[in-house]
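Undergrad: The structure that follows is given in the form of C-alpha coordinates.
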Protein chains: 2
Amino acid sequence: MEDPIDSFDREWHRIVAEKDRIGLGRVLADDVTVGVPPYWQKLHGRAIAVHLLDLIIHTIEEFTYHREWRNGRELALEFTGHVGDVQLQGIDLITLDERGAVANLDVLMRPVNAIIALRGIVAPRMAAFLEERAAQREDSD
Amino acid sequence: MEDPIDSFDREWHRIVAEKDRIGLGRVLADDVTVGVPPYWQKLHGRAIAVHLLDLIIHTIEEFTYHREWRNGRELALEFTGHVGDVQLQGIDLITLDERGAVANLDVLMRPVNAIIALRGIVAPRMAAFLEERAAQREDSD
(Lines give C-alpha, C1' and ligand atoms only; values in the text may rest on other atoms or scores of the structure.)
Protein backbone atom coordinates (compact mmCIF):
# COMPACT_ATOMS: atom_id res chain seq x y z
CA MET A 1 0.00 0.00 0.00
CA GLU A 2 1.16 3.52 -0.74
CA ASP A 3 2.44 5.56 2.19
CA PRO A 4 -0.41 8.01 3.07
CA ILE A 5 2.14 10.85 3.20
CA ASP A 6 3.16 10.02 -0.40
CA SER A 7 -0.51 10.07 -1.50
CA PHE A 8 -1.10 13.37 0.30
CA ASP A 9 2.02 14.86 -1.24
CA ARG A 10 1.08 13.84 -4.78
CA GLU A 11 -2.49 15.06 -4.32
CA TRP A 12 -1.35 18.40 -2.86
CA HIS A 13 0.91 19.03 -5.87
CA ARG A 14 -1.94 18.13 -8.24
CA ILE A 15 -4.37 20.47 -6.43
CA VAL A 16 -1.96 23.40 -6.57
CA ALA A 17 -1.01 22.73 -10.21
CA GLU A 18 -4.68 22.48 -11.25
CA LYS A 19 -5.88 25.21 -8.84
CA ASP A 20 -8.49 22.69 -7.68
CA ARG A 21 -10.62 24.45 -5.07
CA ILE A 22 -12.79 21.40 -4.39
CA GLY A 23 -9.71 19.21 -3.97
CA LEU A 24 -8.33 21.75 -1.49
CA GLY A 25 -11.43 21.38 0.66
CA ARG A 26 -10.94 17.61 0.66
CA VAL A 27 -7.37 17.61 1.99
CA LEU A 28 -7.87 20.21 4.75
CA ALA A 29 -9.09 19.16 8.22
CA ASP A 30 -12.35 20.76 9.44
CA ASP A 31 -10.50 22.76 12.07
CA VAL A 32 -7.37 23.48 10.00
CA THR A 33 -5.27 26.46 11.10
CA VAL A 34 -3.26 28.62 8.69
CA GLY A 35 -0.34 30.90 9.55
CA VAL A 36 -0.29 33.51 6.78
CA PRO A 37 2.50 35.91 5.74
CA PRO A 38 0.75 39.19 6.68
CA TYR A 39 -0.45 38.47 10.24
CA TRP A 40 0.72 36.65 13.34
CA GLN A 41 -2.68 35.29 14.33
CA LYS A 42 -3.74 32.10 12.60
CA LEU A 43 -6.84 31.71 10.47
CA HIS A 44 -9.18 28.93 11.60
CA GLY A 45 -11.49 26.54 9.77
CA ARG A 46 -11.74 24.88 6.39
CA ALA A 47 -14.05 27.36 4.61
CA ILE A 48 -11.79 30.34 5.29
CA ALA A 49 -8.63 28.35 4.56
CA VAL A 50 -9.95 27.09 1.21
CA HIS A 51 -10.93 30.61 0.14
CA LEU A 52 -7.56 32.05 1.17
CA LEU A 53 -5.40 29.31 -0.39
CA ASP A 54 -7.46 29.41 -3.57
CA LEU A 55 -6.87 33.19 -3.78
CA ILE A 56 -3.14 32.73 -3.16
CA ILE A 57 -2.63 30.07 -5.84
CA HIS A 58 -4.62 32.18 -8.30
CA THR A 59 -2.58 35.31 -7.47
CA ILE A 60 0.99 33.96 -7.48
CA GLU A 61 2.00 33.53 -11.12
CA GLU A 62 4.20 30.63 -12.28
CA PHE A 63 3.82 29.00 -8.86
CA THR A 64 6.45 26.21 -8.88
CA TYR A 65 7.53 23.78 -6.15
CA HIS A 66 11.25 23.01 -5.66
CA ARG A 67 12.97 21.49 -2.61
CA GLU A 68 10.89 19.27 -0.41
CA TRP A 69 11.42 17.86 3.06
CA ARG A 70 9.48 15.36 5.17
CA ASN A 71 9.75 14.31 8.76
CA GLY A 72 6.91 11.99 9.79
CA ARG A 73 3.69 13.98 9.33
CA GLU A 74 5.57 17.29 8.97
CA LEU A 75 6.30 18.50 5.42
CA ALA A 76 8.17 21.53 4.13
CA LEU A 77 7.63 22.47 0.46
CA GLU A 78 9.61 25.30 -1.11
CA PHE A 79 8.07 27.31 -3.93
CA THR A 80 8.82 30.27 -6.15
CA GLY A 81 6.65 32.50 -8.31
CA HIS A 82 5.91 36.16 -8.88
CA VAL A 83 3.19 38.75 -8.33
CA GLY A 84 3.39 41.05 -11.34
CA ASP A 85 7.11 41.78 -11.65
CA VAL A 86 7.85 41.02 -7.97
CA GLN A 87 9.61 37.65 -7.59
CA LEU A 88 9.11 35.55 -4.48
CA GLN A 89 10.34 32.45 -2.69
CA GLY A 90 8.18 30.76 -0.09
CA ILE A 91 7.67 27.62 1.91
CA ASP A 92 4.61 25.67 3.00
CA LEU A 93 5.11 24.06 6.42
CA ILE A 94 2.40 21.42 6.60
CA THR A 95 1.34 19.28 9.59
CA LEU A 96 -0.93 16.34 8.77
CA ASP A 97 -3.31 14.90 11.34
CA GLU A 98 -3.57 11.15 12.00
CA ARG A 99 -6.06 10.80 9.11
CA GLY A 100 -3.66 12.47 6.67
CA ALA A 101 -5.59 15.77 6.43
CA VAL A 102 -3.87 19.17 6.82
CA ALA A 103 -4.13 20.19 10.50
CA ASN A 104 -1.87 23.24 10.16
CA LEU A 105 -0.23 25.10 7.29
CA ASP A 106 2.22 27.96 7.80
CA VAL A 107 3.24 29.99 4.76
CA LEU A 108 6.53 31.90 4.99
CA MET A 109 7.84 34.07 2.14
CA ARG A 110 10.56 36.45 1.09
CA PRO A 111 11.14 39.21 0.17
CA VAL A 112 8.98 41.67 2.04
CA ASN A 113 7.76 43.54 -1.09
CA ALA A 114 6.36 40.26 -2.48
CA ILE A 115 4.35 39.69 0.72
CA ILE A 116 3.04 43.26 0.48
CA ALA A 117 2.15 42.84 -3.22
CA LEU A 118 0.34 39.54 -2.48
CA ARG A 119 -1.47 41.04 0.49
CA GLY A 120 -2.54 44.01 -1.65
CA ILE A 121 -4.46 41.64 -3.94
CA VAL A 122 -5.59 38.95 -1.49
CA ALA A 123 -6.55 41.00 1.62
CA PRO A 124 -9.45 43.01 0.08
CA ARG A 125 -10.88 39.83 -1.47
CA MET A 126 -10.64 37.97 1.85
CA ALA A 127 -12.33 40.93 3.58
CA ALA A 128 -15.18 40.83 1.04
CA PHE A 129 -15.54 37.05 1.55
CA LEU A 130 -15.62 37.40 5.34
CA GLU A 131 -18.20 40.22 5.18
CA GLU A 132 -20.41 38.19 2.87
CA ARG A 133 -20.14 35.19 5.19
CA ALA A 134 -21.02 37.32 8.22
CA ALA A 135 -24.05 38.76 6.36
CA GLN A 136 -25.23 35.24 5.40
CA ARG A 137 -24.97 34.17 9.02
CA GLU A 138 -27.04 37.14 10.16
CA ASP A 139 -29.65 36.30 7.54
CA SER A 140 -29.86 32.75 8.78
CA ASP A 141 -30.19 33.76 12.44
CA MET B 1 32.30 8.20 12.35
CA GLU B 2 29.64 10.86 12.87
CA ASP B 3 27.62 11.90 9.82
CA PRO B 4 29.07 15.29 8.73
CA ILE B 5 25.51 16.66 8.45
CA ASP B 6 24.92 15.72 12.11
CA SER B 7 28.12 17.50 13.14
CA PHE B 8 27.18 20.57 11.11
CA ASP B 9 23.71 20.59 12.59
CA ARG B 10 24.95 20.35 16.18
CA GLU B 11 27.59 23.02 15.56
CA TRP B 12 25.07 25.37 13.90
CA HIS B 13 22.71 25.13 16.89
CA ARG B 14 25.62 25.78 19.27
CA ILE B 15 26.76 28.82 17.25
CA VAL B 16 23.28 30.35 17.23
CA ALA B 17 22.67 29.59 20.94
CA GLU B 18 26.04 31.09 21.93
CA LYS B 19 25.91 33.89 19.30
CA ASP B 20 29.40 32.75 18.29
CA ARG B 21 30.54 35.09 15.51
CA ILE B 22 33.89 33.33 15.02
CA GLY B 23 32.13 29.97 14.81
CA LEU B 24 29.79 31.41 12.16
CA GLY B 25 32.76 32.36 10.00
CA ARG B 26 34.03 28.77 10.27
CA VAL B 27 30.88 27.06 9.00
CA LEU B 28 30.18 29.39 6.05
CA ALA B 29 31.80 28.78 2.66
CA ASP B 30 34.01 31.59 1.29
CA ASP B 31 31.51 32.35 -1.45
CA VAL B 32 28.34 31.71 0.60
CA THR B 33 25.14 33.34 -0.66
CA VAL B 34 22.33 34.51 1.62
CA GLY B 35 18.71 35.15 0.64
CA VAL B 36 17.43 37.64 3.23
CA PRO B 37 13.84 38.57 4.13
CA PRO B 38 13.91 42.21 2.96
CA TYR B 39 15.38 41.88 -0.57
CA TRP B 40 15.21 39.49 -3.51
CA GLN B 41 18.89 39.78 -4.46
CA LYS B 42 21.23 37.54 -2.53
CA LEU B 43 24.15 38.76 -0.43
CA HIS B 44 27.51 37.25 -1.40
CA GLY B 45 30.62 36.32 0.56
CA ARG B 46 31.56 35.18 4.04
CA ALA B 47 32.44 38.56 5.61
CA ILE B 48 29.10 40.15 4.74
CA ALA B 49 27.15 36.99 5.68
CA VAL B 50 28.85 36.70 9.09
CA HIS B 51 28.11 40.34 9.87
CA LEU B 52 24.48 40.03 8.81
CA LEU B 53 23.76 36.73 10.60
CA ASP B 54 25.50 37.97 13.73
CA LEU B 55 23.26 41.08 13.68
CA ILE B 56 20.15 38.94 13.15
CA ILE B 57 20.86 36.53 16.03
CA HIS B 58 21.63 39.47 18.30
CA THR B 59 18.42 41.27 17.28
CA ILE B 60 15.85 38.45 17.44
CA GLU B 61 15.06 37.87 21.12
CA GLU B 62 14.42 34.37 22.51
CA PHE B 63 15.55 32.86 19.20
CA THR B 64 14.48 29.18 19.47
CA TYR B 65 14.66 26.36 16.93
CA HIS B 66 11.71 23.95 16.56
CA ARG B 67 10.92 21.60 13.66
CA GLU B 68 13.82 20.43 11.59
CA TRP B 69 14.04 18.69 8.23
CA ARG B 70 16.94 17.21 6.29
CA ASN B 71 17.25 15.89 2.77
CA GLY B 72 20.84 15.05 1.87
CA ARG B 73 22.80 18.30 2.13
CA GLU B 74 19.62 20.41 2.29
CA LEU B 75 18.36 21.41 5.74
CA ALA B 76 15.28 23.35 6.85
CA LEU B 77 15.28 24.69 10.43
CA GLU B 78 12.19 26.41 11.82
CA PHE B 79 12.61 29.08 14.48
CA THR B 80 10.55 31.52 16.50
CA GLY B 81 11.45 34.64 18.46
CA HIS B 82 10.43 38.27 18.75
CA VAL B 83 11.69 41.78 17.99
CA GLY B 84 10.43 43.93 20.83
CA ASP B 85 6.79 42.92 21.15
CA VAL B 86 6.52 41.65 17.55
CA GLN B 87 6.49 37.84 17.44
CA LEU B 88 7.94 35.97 14.48
CA GLN B 89 8.27 32.54 12.92
CA GLY B 90 11.02 31.83 10.42
CA ILE B 91 12.93 29.14 8.62
CA ASP B 92 16.56 28.72 7.61
CA LEU B 93 16.91 26.82 4.33
CA ILE B 94 20.53 25.69 4.29
CA THR B 95 22.49 24.07 1.45
CA LEU B 96 25.83 22.55 2.44
CA ASP B 97 28.66 22.15 -0.06
CA GLU B 98 30.60 18.89 -0.47
CA ARG B 99 32.93 19.93 2.38
CA GLY B 100 29.98 20.49 4.76
CA ALA B 101 30.19 24.30 4.72
CA VAL B 102 27.13 26.52 4.13
CA ALA B 103 26.96 27.29 0.40
CA ASN B 104 23.56 29.00 0.56
CA LEU B 105 21.20 30.11 3.30
CA ASP B 106 17.73 31.49 2.63
CA VAL B 107 15.84 33.06 5.54
CA LEU B 108 12.04 33.24 5.23
CA MET B 109 9.86 34.76 7.94
CA ARG B 110 6.33 35.72 8.87
CA PRO B 111 4.54 37.96 9.62
CA VAL B 112 5.38 41.02 7.56
CA ASN B 113 5.58 43.44 10.52
CA ALA B 114 8.28 41.26 12.10
CA ILE B 115 10.38 41.44 8.92
CA ILE B 116 9.93 45.22 8.89
CA ALA B 117 10.86 45.50 12.60
CA LEU B 118 13.97 43.35 12.06
CA ARG B 119 14.96 45.32 8.96
CA GLY B 120 14.54 48.58 10.89
CA ILE B 121 17.28 47.50 13.28
CA VAL B 122 19.55 45.45 11.00
CA ALA B 123 19.53 47.50 7.76
CA PRO B 124 21.17 50.70 9.11
CA ARG B 125 23.86 48.63 10.85
CA MET B 126 24.54 46.64 7.67
CA ALA B 127 24.73 49.92 5.71
CA ALA B 128 27.27 51.30 8.21
CA PHE B 129 29.30 48.07 7.94
CA LEU B 130 29.30 48.17 4.13
CA GLU B 131 30.33 51.85 4.07
CA GLU B 132 33.18 51.21 6.47
CA ARG B 133 34.32 48.25 4.38
CA ALA B 134 34.22 50.35 1.19
CA ALA B 135 36.21 53.13 2.90
CA GLN B 136 38.84 50.63 4.08
CA ARG B 137 39.17 49.27 0.56
CA GLU B 138 39.69 52.78 -0.82
CA ASP B 139 42.37 53.42 1.82
CA SER B 140 44.21 50.26 0.84
CA ASP B 141 44.13 51.09 -2.90
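Identifiers in the C-alpha coordinates: chain A, B, ... in order shown; residue index from 1 per chain; ligand index from 1 in order shown.
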When the cut-off is 9 Å and we count only C-alpha atoms, which residues of chain B are near chain A, given as a count of residues only?
TA: 31
Undergrad: Could you pull out the strand (DSSP E) residues of stretch 33-81 of chain A from DSSP and send them as an NGL selection string?
TA: :A and (33-35 or 43-44 or 61-71 or 74-81)
Undergrad: Hey, can you spit out that residue selection with N, CA and C atoms as an mmCIF file, in the first residue's frame?
TA:
data_model
loop_
_atom_site.group_PDB
_atom_site.id
_atom_site.type_symbol
_atom_site.label_atom_id
_atom_site.label_comp_id
_atom_site.auth_asym_id
_atom_site.auth_seq_id
_atom_site.Cartn_x
_atom_site.Cartn_y
_atom_site.Cartn_z
ATOM 1 N N THR A 33 -5.760 25.118 10.799
ATOM 2 C CA THR A 33 -5.274 26.464 11.102
ATOM 3 C C THR A 33 -4.225 26.840 10.053
ATOM 4 N N VAL A 34 -4.198 28.134 9.702
ATOM 5 C CA VAL A 34 -3.258 28.617 8.686
ATOM 6 C C VAL A 34 -2.521 29.844 9.205
ATOM 7 N N GLY A 35 -1.191 29.759 9.199
ATOM 8 C CA GLY A 35 -0.343 30.899 9.552
ATOM 9 C C GLY A 35 0.055 31.609 8.267
ATOM 10 N N LEU A 43 -5.463 31.857 10.928
ATOM 11 C CA LEU A 43 -6.841 31.710 10.466
ATOM 12 C C LEU A 43 -7.328 30.313 10.841
ATOM 13 N N HIS A 44 -8.617 30.199 11.134
ATOM 14 C CA HIS A 44 -9.181 28.928 11.597
ATOM 15 C C HIS A 44 -10.318 28.453 10.699
ATOM 16 N N GLU A 61 1.827 34.025 -9.750
ATOM 17 C CA GLU A 61 2.004 33.530 -11.122
ATOM 18 C C GLU A 61 3.211 32.584 -11.180
ATOM 19 N N GLU A 62 3.140 31.635 -12.102
ATOM 20 C CA GLU A 62 4.205 30.630 -12.279
ATOM 21 C C GLU A 62 4.610 29.993 -10.951
ATOM 22 N N PHE A 63 3.607 29.683 -10.131
ATOM 23 C CA PHE A 63 3.823 29.005 -8.858
ATOM 24 C C PHE A 63 4.476 27.648 -9.132
ATOM 25 N N THR A 64 5.690 27.431 -8.596
ATOM 26 C CA THR A 64 6.449 26.208 -8.878
ATOM 27 C C THR A 64 7.086 25.678 -7.603
ATOM 28 N N TYR A 65 6.876 24.396 -7.308
ATOM 29 C CA TYR A 65 7.532 23.784 -6.148
ATOM 30 C C TYR A 65 8.956 23.363 -6.490
ATOM 31 N N HIS A 66 9.838 23.404 -5.482
ATOM 32 C CA HIS A 66 11.246 23.012 -5.665
ATOM 33 C C HIS A 66 11.654 22.006 -4.603
ATOM 34 N N ARG A 67 12.498 22.430 -3.639
ATOM 35 C CA ARG A 67 12.968 21.490 -2.614
ATOM 36 C C ARG A 67 11.810 21.037 -1.743
ATOM 37 N N GLU A 68 11.950 19.832 -1.225
ATOM 38 C CA GLU A 68 10.885 19.268 -0.410
ATOM 39 C C GLU A 68 11.501 18.450 0.712
ATOM 40 N N TRP A 69 10.946 18.609 1.902
ATOM 41 C CA TRP A 69 11.425 17.857 3.058
ATOM 42 C C TRP A 69 10.247 17.191 3.751
ATOM 43 N N ARG A 70 10.501 16.026 4.353
ATOM 44 C CA ARG A 70 9.479 15.359 5.165
ATOM 45 C C ARG A 70 10.105 14.846 6.441
ATOM 46 N N ASN A 71 9.306 14.859 7.487
ATOM 47 C CA ASN A 71 9.747 14.310 8.763
ATOM 48 C C ASN A 71 8.472 13.814 9.443
ATOM 49 N N GLU A 74 5.219 15.883 9.186
ATOM 50 C CA GLU A 74 5.570 17.287 8.967
ATOM 51 C C GLU A 74 6.250 17.415 7.605
ATOM 52 N N LEU A 75 5.717 18.286 6.747
ATOM 53 C CA LEU A 75 6.299 18.501 5.421
ATOM 54 C C LEU A 75 6.715 19.963 5.264
ATOM 55 N N ALA A 76 7.752 20.171 4.481
ATOM 56 C CA ALA A 76 8.168 21.527 4.133
ATOM 57 C C ALA A 76 8.369 21.554 2.618
ATOM 58 N N LEU A 77 7.618 22.424 1.929
ATOM 59 C CA LEU A 77 7.625 22.470 0.463
ATOM 60 C C LEU A 77 7.992 23.880 -0.002
ATOM 61 N N GLU A 78 9.155 23.995 -0.631
ATOM 62 C CA GLU A 78 9.612 25.303 -1.110
ATOM 63 C C GLU A 78 8.969 25.634 -2.451
ATOM 64 N N PHE A 79 8.613 26.901 -2.632
ATOM 65 C CA PHE A 79 8.069 27.311 -3.931
ATOM 66 C C PHE A 79 8.628 28.673 -4.341
ATOM 67 N N THR A 80 8.517 28.934 -5.645
ATOM 68 C CA THR A 80 8.821 30.271 -6.152
ATOM 69 C C THR A 80 7.669 30.692 -7.067
ATOM 70 N N GLY A 81 7.664 31.957 -7.412
ATOM 71 C CA GLY A 81 6.649 32.496 -8.310
ATOM 72 C C GLY A 81 6.838 34.003 -8.380
#
Undergrad: Can you check which residues of chain B DSSP gives as helix (DSSP H, G or I) on the backbone and send them as a count of residues only?
TA: 65
Undergrad: Go through B:Gly25, B:Ile5, B:Asp139, B:Ile48 one by one, measure the shortest atom-to-atom distance of each to B:Arg99 using only C-alpha atoms, and give the residue with the smallest value.
TA: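 Going through B:Gly25, B:Ile5, B:Asp139, B:Ile48 one by one, the smallest distance to B:Arg99 is for B:Ile5.
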Undergrad: To one decimal place, how far is atom CA of A:Asp97 from atom CA of A:Ala29 in Å?
TA: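 About the pair atom CA of A:Asp97 and atom CA of A:Ala29: they are 7.8 Å apart.
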Undergrad: So that I can check the surroundings of B:Ala47, please list as number ranges by chain every protein, DNA and RNA residue that reaches within 10 Å of it, counting only C-alpha atoms and ignoring chain neighbours fewer than 5 positions away.
TA: B: 25, 28, 30-32, 52, 133
Undergrad: How many Å lie between atom CA of A:Arg73 and atom CA of A:Leu96, rounded to one decimal?
TA: 5.2 Å
Undergrad: Skipping near chain neighbours, those fewer than 4 positions away, what residues fall within 12 Å of B:Ile15 using only C-alpha atoms, listed as an mmCIF file with N, CA and C atoms, in the first residue's frame?
TA:
data_model
loop_
_atom_site.group_PDB
_atom_site.id
_atom_site.type_symbol
_atom_site.label_atom_id
_atom_site.label_comp_id
_atom_site.auth_asym_id
_atom_site.auth_seq_id
_atom_site.Cartn_x
_atom_site.Cartn_y
_atom_site.Cartn_z
ATOM 1 N N PHE B 8 27.512 19.199 11.497
ATOM 2 C CA PHE B 8 27.183 20.569 11.112
ATOM 3 C C PHE B 8 25.982 21.062 11.909
ATOM 4 N N ASP B 9 24.960 20.208 11.960
ATOM 5 C CA ASP B 9 23.706 20.590 12.586
ATOM 6 C C ASP B 9 23.918 20.942 14.067
ATOM 7 N N ARG B 10 24.683 20.094 14.756
ATOM 8 C CA ARG B 10 24.950 20.345 16.176
ATOM 9 C C ARG B 10 25.734 21.647 16.348
ATOM 10 N N GLU B 11 26.745 21.818 15.485
ATOM 11 C CA GLU B 11 27.589 23.016 15.563
ATOM 12 C C GLU B 11 26.772 24.284 15.251
ATOM 13 N N LYS B 19 25.638 32.691 20.105
ATOM 14 C CA LYS B 19 25.908 33.892 19.298
ATOM 15 C C LYS B 19 27.414 33.996 19.010
ATOM 16 N N ASP B 20 27.951 32.896 18.478
ATOM 17 C CA ASP B 20 29.400 32.752 18.287
ATOM 18 C C ASP B 20 29.805 33.225 16.890
ATOM 19 N N ARG B 21 30.206 34.478 16.787
ATOM 20 C CA ARG B 21 30.537 35.090 15.507
ATOM 21 C C ARG B 21 31.713 34.388 14.829
ATOM 22 N N ILE B 22 32.712 34.000 15.594
ATOM 23 C CA ILE B 22 33.887 33.331 15.015
ATOM 24 C C ILE B 22 33.482 31.948 14.481
ATOM 25 N N GLY B 23 32.639 31.268 15.253
ATOM 26 C CA GLY B 23 32.126 29.967 14.808
ATOM 27 C C GLY B 23 31.342 30.083 13.501
ATOM 28 N N LEU B 24 30.553 31.153 13.395
ATOM 29 C CA LEU B 24 29.787 31.413 12.165
ATOM 30 C C LEU B 24 30.723 31.465 10.954
ATOM 31 N N GLY B 25 31.794 32.226 11.092
ATOM 32 C CA GLY B 25 32.763 32.357 9.997
ATOM 33 C C GLY B 25 33.318 31.002 9.585
ATOM 34 N N ARG B 26 33.442 30.090 10.557
ATOM 35 C CA ARG B 26 34.031 28.771 10.272
ATOM 36 C C ARG B 26 33.109 27.859 9.489
ATOM 37 N N VAL B 27 31.787 28.005 9.667
ATOM 38 C CA VAL B 27 30.877 27.060 8.999
ATOM 39 C C VAL B 27 30.331 27.594 7.667
ATOM 40 N N LEU B 28 30.643 28.846 7.332
ATOM 41 C CA LEU B 28 30.176 29.395 6.053
ATOM 42 C C LEU B 28 31.259 29.218 4.990
ATOM 43 N N VAL B 50 28.590 36.801 7.640
ATOM 44 C CA VAL B 50 28.851 36.703 9.087
ATOM 45 C C VAL B 50 28.293 37.934 9.781
ATOM 46 N N LEU B 53 24.354 37.770 9.746
ATOM 47 C CA LEU B 53 23.760 36.730 10.603
ATOM 48 C C LEU B 53 24.009 37.036 12.068
ATOM 49 N N ASP B 54 25.182 37.582 12.356
ATOM 50 C CA ASP B 54 25.502 37.975 13.726
ATOM 51 C C ASP B 54 24.523 39.061 14.208
ATOM 52 N N ILE B 57 21.020 37.336 14.807
ATOM 53 C CA ILE B 57 20.861 36.530 16.031
ATOM 54 C C ILE B 57 21.011 37.380 17.293
ATOM 55 N N HIS B 58 21.608 38.556 17.156
ATOM 56 C CA HIS B 58 21.628 39.472 18.297
ATOM 57 C C HIS B 58 20.351 40.308 18.391
#
Undergrad: Could you check how far atom CA of A:Arg125 sits from atom CA of A:Gly100, in Å to one decimal?
TA: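 Going from atom CA of A:Arg125 over to atom CA of A:Gly100 covers 29.4 Å.
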